[in-house]
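S.K.: Before we start, here is the structure in question, set down as C-alpha coordinates.
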Amino acid sequence: MEKAVMHEEVVIAGGGVAGLATALALKRVGVKSLVLERASELRVTGAALTLFPNAWIALESLGVAHKLTSVYKPFKGGRVTDVATGVTQETVLTENEGYDLGPVHRRALLEALLEELPIDTIRFSWKLRSIEKTKTCYEADSTAVILHLVDGTTIHTEVLIGCDGVHSVVSKWLGLKDVVNSGRYAVRGVAVFPEGHGITHEMHQFVDKGWRFGSAPLTDTDVYWGIGYQTTANKEEEMAKGDPQVIQEKILERVADLPQQAKNVIQHSDVPSLSWAPLVFRYPWDLIFGKVSDGTITVAGDAMHPMTPDLGQGGCTALEDAVVLGRHIGNSYIRKGGVMSQKDLEKEIKL
(Lines give C-alpha, C1' and ligand atoms only; values in the text may rest on other atoms or scores of the structure.)
Protein backbone atom coordinates (compact mmCIF):
# COMPACT_ATOMS: atom_id res chain seq x y z
CA MET A 1 0.00 0.00 0.00
CA GLU A 2 1.44 3.37 -1.04
CA LYS A 3 1.92 6.00 1.63
CA ALA A 4 0.74 9.59 1.23
CA VAL A 5 2.77 12.26 -0.52
CA MET A 6 1.99 15.73 0.79
CA HIS A 7 2.91 19.27 -0.27
CA GLU A 8 3.25 22.08 2.30
CA GLU A 9 4.65 25.63 2.16
CA VAL A 10 6.30 25.48 5.59
CA VAL A 11 6.86 22.49 7.85
CA ILE A 12 7.85 22.93 11.48
CA ALA A 13 9.35 19.90 13.21
CA GLY A 14 8.35 19.98 16.88
CA GLY A 15 5.22 21.21 18.62
CA GLY A 16 6.72 22.71 21.77
CA VAL A 17 6.98 26.39 22.68
CA ALA A 18 9.25 27.26 19.74
CA GLY A 19 7.25 25.25 17.22
CA LEU A 20 3.80 26.57 18.09
CA ALA A 21 5.06 30.14 18.48
CA THR A 22 6.74 29.97 15.07
CA ALA A 23 3.54 28.64 13.49
CA LEU A 24 1.60 31.51 15.03
CA ALA A 25 4.18 34.10 13.95
CA LEU A 26 3.84 32.81 10.39
CA LYS A 27 0.05 32.86 10.58
CA ARG A 28 0.19 36.53 11.59
CA VAL A 29 1.93 37.33 8.28
CA GLY A 30 -0.35 35.15 6.19
CA VAL A 31 1.84 32.05 5.84
CA LYS A 32 0.30 28.63 6.53
CA SER A 33 2.46 25.98 8.17
CA LEU A 34 2.22 22.37 9.28
CA VAL A 35 3.62 21.37 12.69
CA LEU A 36 4.81 17.79 13.11
CA GLU A 37 4.89 16.67 16.74
CA ARG A 38 6.29 13.24 17.58
CA ALA A 39 4.39 12.99 20.89
CA SER A 40 0.75 11.94 21.03
CA GLU A 41 -0.30 15.19 22.75
CA LEU A 42 1.06 18.57 23.83
CA ARG A 43 4.51 18.21 25.44
CA VAL A 44 4.39 19.77 28.90
CA THR A 45 7.64 18.38 30.33
CA GLY A 46 9.05 20.97 32.71
CA ALA A 47 5.59 21.81 34.09
CA ALA A 48 6.12 25.58 34.10
CA LEU A 49 8.56 28.32 33.20
CA THR A 50 9.40 31.87 34.17
CA LEU A 51 9.16 34.48 31.44
CA PHE A 52 11.32 37.60 31.38
CA PRO A 53 10.26 40.89 29.73
CA ASN A 54 11.74 39.90 26.35
CA ALA A 55 9.42 36.86 26.26
CA TRP A 56 6.35 38.90 27.20
CA ILE A 57 7.14 41.37 24.42
CA ALA A 58 7.36 38.45 21.97
CA LEU A 59 4.02 37.10 23.22
CA GLU A 60 2.50 40.57 22.81
CA SER A 61 3.58 40.63 19.17
CA LEU A 62 2.03 37.18 18.74
CA GLY A 63 -1.23 38.49 20.21
CA VAL A 64 -1.47 36.11 23.19
CA ALA A 65 0.20 37.93 26.11
CA HIS A 66 -3.16 39.17 27.46
CA LYS A 67 -4.41 35.59 27.89
CA LEU A 68 -1.62 34.89 30.36
CA THR A 69 -1.18 38.24 32.13
CA SER A 70 -4.85 38.07 33.14
CA VAL A 71 -4.13 34.86 35.08
CA TYR A 72 -0.49 35.05 36.21
CA LYS A 73 0.82 37.84 38.40
CA PRO A 74 4.35 39.21 37.92
CA PHE A 75 7.03 39.07 40.59
CA LYS A 76 8.20 42.29 42.19
CA GLY A 77 11.16 40.79 43.97
CA GLY A 78 12.96 37.71 45.14
CA ARG A 79 15.31 36.27 47.73
CA VAL A 80 18.43 34.10 47.68
CA THR A 81 19.32 32.24 50.88
CA ASP A 82 22.67 30.63 51.60
CA VAL A 83 21.70 27.40 53.37
CA ALA A 84 25.06 27.04 55.15
CA THR A 85 25.05 30.52 56.71
CA GLY A 86 21.34 31.34 56.72
CA VAL A 87 22.08 34.74 55.14
CA THR A 88 19.38 35.97 52.75
CA GLN A 89 19.88 38.55 50.03
CA GLU A 90 16.82 40.34 48.69
CA THR A 91 16.40 41.53 45.11
CA VAL A 92 14.01 44.04 43.57
CA LEU A 93 12.75 43.43 40.06
CA THR A 94 12.07 46.55 38.02
CA GLU A 95 9.52 46.86 35.24
CA ASN A 96 10.95 46.69 31.73
CA GLU A 97 9.08 47.80 28.59
CA GLY A 98 5.81 47.58 30.50
CA TYR A 99 6.39 43.97 31.56
CA ASP A 100 7.75 42.26 34.64
CA LEU A 101 9.21 38.82 35.18
CA GLY A 102 6.43 36.30 35.73
CA PRO A 103 5.67 32.56 35.76
CA VAL A 104 3.26 30.50 33.63
CA HIS A 105 2.18 26.89 33.48
CA ARG A 106 3.76 25.39 30.37
CA ARG A 107 0.45 23.87 29.31
CA ALA A 108 -1.28 27.25 29.61
CA LEU A 109 1.36 28.84 27.36
CA LEU A 110 1.10 26.05 24.77
CA GLU A 111 -2.69 26.16 24.80
CA ALA A 112 -2.72 29.96 24.42
CA LEU A 113 -0.58 29.58 21.29
CA LEU A 114 -2.51 26.59 19.95
CA GLU A 115 -5.89 28.30 20.33
CA GLU A 116 -4.83 30.92 17.79
CA LEU A 117 -3.90 28.36 15.13
CA PRO A 118 -6.16 26.59 12.61
CA ILE A 119 -7.29 23.23 13.93
CA ASP A 120 -5.32 21.29 11.30
CA THR A 121 -1.99 23.06 11.98
CA ILE A 122 -0.49 20.41 14.26
CA ARG A 123 -0.29 16.66 13.64
CA PHE A 124 0.54 14.50 16.64
CA SER A 125 2.47 11.19 16.57
CA TRP A 126 4.25 12.20 13.34
CA LYS A 127 7.96 11.45 13.53
CA LEU A 128 10.57 12.83 11.16
CA ARG A 129 13.00 10.12 9.98
CA SER A 130 15.17 11.84 7.36
CA ILE A 131 15.61 14.96 5.22
CA GLU A 132 16.78 15.39 1.66
CA LYS A 133 17.13 18.19 -0.87
CA THR A 134 16.61 17.83 -4.59
CA LYS A 135 16.66 20.08 -7.64
CA THR A 136 13.38 21.56 -8.87
CA CYS A 137 12.24 22.78 -12.26
CA TYR A 138 10.52 25.88 -10.87
CA GLU A 139 13.50 28.21 -10.40
CA ALA A 140 17.05 28.11 -11.72
CA ASP A 141 19.41 26.50 -9.21
CA SER A 142 16.54 26.00 -6.78
CA THR A 143 16.04 22.97 -4.54
CA ALA A 144 13.10 21.37 -2.83
CA VAL A 145 13.04 19.93 0.68
CA ILE A 146 11.69 16.41 1.00
CA LEU A 147 10.84 14.94 4.40
CA HIS A 148 10.47 11.26 5.08
CA LEU A 149 8.42 10.31 8.12
CA VAL A 150 8.69 7.12 10.16
CA ASP A 151 5.28 5.91 8.97
CA GLY A 152 6.36 6.17 5.32
CA THR A 153 4.67 9.49 4.55
CA THR A 154 6.63 11.88 2.30
CA ILE A 155 6.25 15.65 2.53
CA HIS A 156 7.53 18.15 -0.04
CA THR A 157 7.99 21.61 1.45
CA GLU A 158 9.59 24.94 0.61
CA VAL A 159 10.76 25.64 4.18
CA LEU A 160 11.70 23.36 7.08
CA ILE A 161 12.16 24.79 10.56
CA GLY A 162 13.52 22.43 13.21
CA CYS A 163 12.02 23.16 16.61
CA ASP A 164 12.53 19.58 17.71
CA GLY A 165 14.53 20.05 20.89
CA VAL A 166 18.04 19.35 22.11
CA HIS A 167 18.36 16.10 20.14
CA SER A 168 17.01 17.66 16.97
CA VAL A 169 16.93 15.62 13.76
CA VAL A 170 17.16 18.88 11.80
CA SER A 171 20.21 20.20 13.67
CA LYS A 172 21.98 16.88 13.10
CA TRP A 173 21.20 17.12 9.38
CA LEU A 174 22.64 20.65 9.33
CA GLY A 175 25.81 19.32 10.92
CA LEU A 176 25.65 21.21 14.21
CA LYS A 177 27.83 19.68 16.89
CA ASP A 178 26.18 17.55 19.55
CA VAL A 179 25.06 19.16 22.77
CA VAL A 180 27.45 19.15 25.72
CA ASN A 181 26.55 17.78 29.15
CA SER A 182 27.24 20.47 31.78
CA GLY A 183 27.83 17.92 34.54
CA ARG A 184 24.65 19.09 36.23
CA TYR A 185 21.13 17.68 36.38
CA ALA A 186 17.76 19.24 37.05
CA VAL A 187 14.47 18.15 38.54
CA ARG A 188 11.38 20.30 38.01
CA GLY A 189 7.80 20.05 39.16
CA VAL A 190 4.65 21.82 40.31
CA ALA A 191 3.42 21.59 43.90
CA VAL A 192 -0.32 21.79 44.46
CA PHE A 193 -1.88 23.06 47.71
CA PRO A 194 -5.69 22.74 47.31
CA GLU A 195 -6.32 24.97 50.33
CA GLY A 196 -3.75 27.56 49.28
CA HIS A 197 0.02 27.61 49.81
CA GLY A 198 0.25 30.94 51.68
CA ILE A 199 3.70 31.61 50.19
CA THR A 200 4.74 35.18 49.38
CA HIS A 201 4.48 35.87 45.66
CA GLU A 202 8.18 36.08 44.92
CA MET A 203 10.99 33.88 43.69
CA HIS A 204 13.03 32.26 46.44
CA GLN A 205 16.28 30.40 45.89
CA PHE A 206 18.26 28.32 48.36
CA VAL A 207 21.92 27.73 47.57
CA ASP A 208 24.22 25.13 49.05
CA LYS A 209 27.37 23.33 47.98
CA GLY A 210 26.65 21.46 44.76
CA TRP A 211 22.98 22.42 44.40
CA ARG A 212 20.55 25.30 43.97
CA PHE A 213 16.82 25.04 44.73
CA GLY A 214 14.27 27.60 43.60
CA SER A 215 10.51 28.03 43.88
CA ALA A 216 8.05 30.45 42.33
CA PRO A 217 4.29 30.66 43.03
CA LEU A 218 2.19 30.33 39.89
CA THR A 219 -1.25 30.84 41.42
CA ASP A 220 -2.72 30.81 44.93
CA THR A 221 -2.60 27.00 44.89
CA ASP A 222 0.29 26.06 42.59
CA VAL A 223 4.03 26.54 43.09
CA TYR A 224 6.66 25.87 40.41
CA TRP A 225 9.94 24.54 41.73
CA GLY A 226 13.21 23.20 40.42
CA ILE A 227 16.61 22.10 41.59
CA GLY A 228 19.89 21.97 39.71
CA TYR A 229 22.75 19.95 41.14
CA GLN A 230 26.15 18.51 40.34
CA THR A 231 26.77 14.80 40.29
CA THR A 232 28.35 12.06 38.22
CA ALA A 233 26.35 10.12 35.67
CA ASN A 234 26.88 6.77 37.42
CA LYS A 235 25.08 8.12 40.49
CA GLU A 236 21.96 8.88 38.47
CA GLU A 237 20.85 5.35 37.67
CA GLU A 238 17.74 5.46 39.85
CA MET A 239 16.71 8.89 38.52
CA ALA A 240 17.27 7.79 34.94
CA LYS A 241 14.57 5.16 35.30
CA GLY A 242 12.13 8.05 35.18
CA ASP A 243 9.90 6.99 38.08
CA PRO A 244 8.49 10.30 39.44
CA GLN A 245 8.03 8.82 42.92
CA VAL A 246 11.72 7.83 43.04
CA ILE A 247 12.71 11.27 41.76
CA GLN A 248 10.77 12.94 44.59
CA GLU A 249 12.31 10.68 47.24
CA LYS A 250 15.87 11.12 45.97
CA ILE A 251 15.58 14.91 45.82
CA LEU A 252 14.26 15.10 49.38
CA GLU A 253 17.31 13.09 50.49
CA ARG A 254 19.62 15.45 48.61
CA VAL A 255 18.19 18.62 50.20
CA ALA A 256 18.08 17.40 53.79
CA ASP A 257 19.21 20.84 55.06
CA LEU A 258 16.52 22.75 53.15
CA PRO A 259 14.06 24.70 55.38
CA GLN A 260 10.81 22.86 56.01
CA GLN A 261 8.67 25.30 54.01
CA ALA A 262 10.74 24.54 50.93
CA LYS A 263 10.61 20.80 51.61
CA ASN A 264 6.82 21.10 51.81
CA VAL A 265 6.83 22.33 48.23
CA ILE A 266 8.64 19.19 47.06
CA GLN A 267 6.41 16.96 49.22
CA HIS A 268 3.24 18.52 47.75
CA SER A 269 4.36 17.96 44.18
CA ASP A 270 1.92 16.74 41.60
CA VAL A 271 4.02 13.60 41.16
CA PRO A 272 3.30 13.04 37.43
CA SER A 273 4.55 16.59 36.77
CA LEU A 274 8.06 15.76 38.00
CA SER A 275 10.78 15.57 35.38
CA TRP A 276 14.48 14.78 35.55
CA ALA A 277 17.06 15.59 32.89
CA PRO A 278 20.75 16.35 32.44
CA LEU A 279 21.45 20.03 31.79
CA VAL A 280 23.00 20.39 28.36
CA PHE A 281 24.11 23.29 26.18
CA ARG A 282 25.78 24.11 22.88
CA TYR A 283 28.97 26.16 22.86
CA PRO A 284 28.39 29.66 21.40
CA TRP A 285 31.29 29.23 18.97
CA ASP A 286 29.64 26.10 17.59
CA LEU A 287 26.77 28.36 16.52
CA ILE A 288 28.95 31.23 15.36
CA PHE A 289 31.14 29.00 13.19
CA GLY A 290 28.59 26.26 12.61
CA LYS A 291 25.81 25.93 10.09
CA VAL A 292 22.42 26.97 11.48
CA SER A 293 20.74 27.09 8.08
CA ASP A 294 21.07 25.48 4.66
CA GLY A 295 18.97 27.15 2.00
CA THR A 296 15.44 27.12 3.41
CA ILE A 297 16.19 24.69 6.25
CA THR A 298 16.95 26.12 9.69
CA VAL A 299 16.47 25.55 13.42
CA ALA A 300 15.08 27.50 16.37
CA GLY A 301 14.73 27.24 20.14
CA ASP A 302 16.51 24.35 21.88
CA ALA A 303 17.31 22.75 18.52
CA MET A 304 19.60 25.72 17.87
CA HIS A 305 20.78 27.00 21.25
CA PRO A 306 20.04 24.65 24.17
CA MET A 307 21.14 26.26 27.42
CA THR A 308 21.26 25.70 31.15
CA PRO A 309 18.63 27.50 33.28
CA ASP A 310 21.10 29.87 34.96
CA LEU A 311 19.83 32.89 33.01
CA GLY A 312 16.27 31.61 32.72
CA GLN A 313 16.22 32.34 28.99
CA GLY A 314 15.50 28.97 27.33
CA GLY A 315 11.79 29.51 26.71
CA CYS A 316 12.23 33.26 26.30
CA THR A 317 14.69 32.99 23.42
CA ALA A 318 12.53 30.33 21.77
CA LEU A 319 9.69 32.87 21.63
CA GLU A 320 12.04 35.52 20.26
CA ASP A 321 13.25 33.09 17.59
CA ALA A 322 9.66 32.53 16.50
CA VAL A 323 8.91 36.22 16.11
CA VAL A 324 12.12 36.88 14.16
CA LEU A 325 11.57 33.91 11.83
CA GLY A 326 7.98 34.92 11.21
CA ARG A 327 9.04 38.46 10.41
CA HIS A 328 11.76 37.44 7.96
CA ILE A 329 9.78 34.73 6.16
CA GLY A 330 6.84 37.15 6.05
CA ASN A 331 9.06 39.78 4.41
CA SER A 332 9.74 37.38 1.53
CA TYR A 333 6.09 36.38 1.29
CA ILE A 334 4.77 39.95 1.27
CA ARG A 335 7.36 41.20 -1.24
CA LYS A 336 6.26 38.59 -3.76
CA GLY A 337 2.56 39.28 -3.30
CA GLY A 338 1.78 36.05 -1.47
CA VAL A 339 4.15 33.83 -3.47
CA MET A 340 7.12 32.23 -1.71
CA SER A 341 10.30 32.83 -3.72
CA GLN A 342 13.05 30.42 -2.76
CA LYS A 343 15.86 32.91 -3.34
CA ASP A 344 14.14 35.49 -1.15
CA LEU A 345 13.43 32.87 1.49
CA GLU A 346 17.03 31.70 1.58
CA LYS A 347 18.21 35.28 2.00
CA GLU A 348 15.75 36.06 4.79
CA ILE A 349 16.38 32.82 6.68
CA LYS A 350 20.14 33.30 6.50
CA LEU A 351 19.75 36.74 8.07
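Scheme for the C-alpha coordinates: letters A, B, ... for chains in order shown; per-chain residue numbers from 1; ligand numbers from 1 in order shown.
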Identify, on the basis of only C-alpha atoms, every residue whose closest approach to region 32-34 of chain A does not exceed 7 Å; exclude the query and any residue fewer than 4 positions from it along the same chain; express the result as a list of chain:residue names.

M.R.: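 Counting only C-alpha atoms, the residues come to A:Glu9, A:Val10, A:Val11, A:Ile12, A:Ala23, A:Leu26, A:Lys27, A:Thr121, A:Ile122.
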
S.K.: Can you work out which one of A:Arg28, A:Arg129, A:His156, A:His204 has the shortest atom-to-atom distance to Leu117 (chain A), counting only C-alpha atoms?

M.R.: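 Closest candidate: A:Arg28.
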
S.K.: I'd like to know which of A:Ala277, A:Leu345, A:Val324, A:Ile161 is closest to Ser182 (chain A), using only C-alpha atoms.

M.R.: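 Of A:Ala277, A:Leu345, A:Val324, A:Ile161, the one nearest Ser182 (chain A) is A:Ala277, counting only C-alpha atoms.
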
S.K.: Of the residues A:Glu116, A:Lys209, A:Gly242, A:Arg282, which is the one nearest to Gly63 (chain A), using only C-alpha atoms?

M.R.: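 With only C-alpha atoms as the atom set, the closest residue is A:Glu116.
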
S.K.: With only C-alpha atoms as the counted atoms, please give the residues lying no more than 9 Å from region 290-306 of chain A, apart from itself and same-chain residues fewer than 6 positions off, as an MDAnalysis selection string.

M.R.: chainID A and resid 17:19 22 143:145 158:171 174:177 179 280:284 314:322 325 342:343 345:347 349:350

S.K.: Can you list, as a ChimeraX atom specification, every protein, DNA or RNA residue that comes within 12 Å of Glu111 (chain A) when you count only C-alpha atoms, leaving out same-chain residues fewer than 3 positions away?

M.R.: /A:15-17,20-21,24,41-44,64,67-68,104-108,114-117
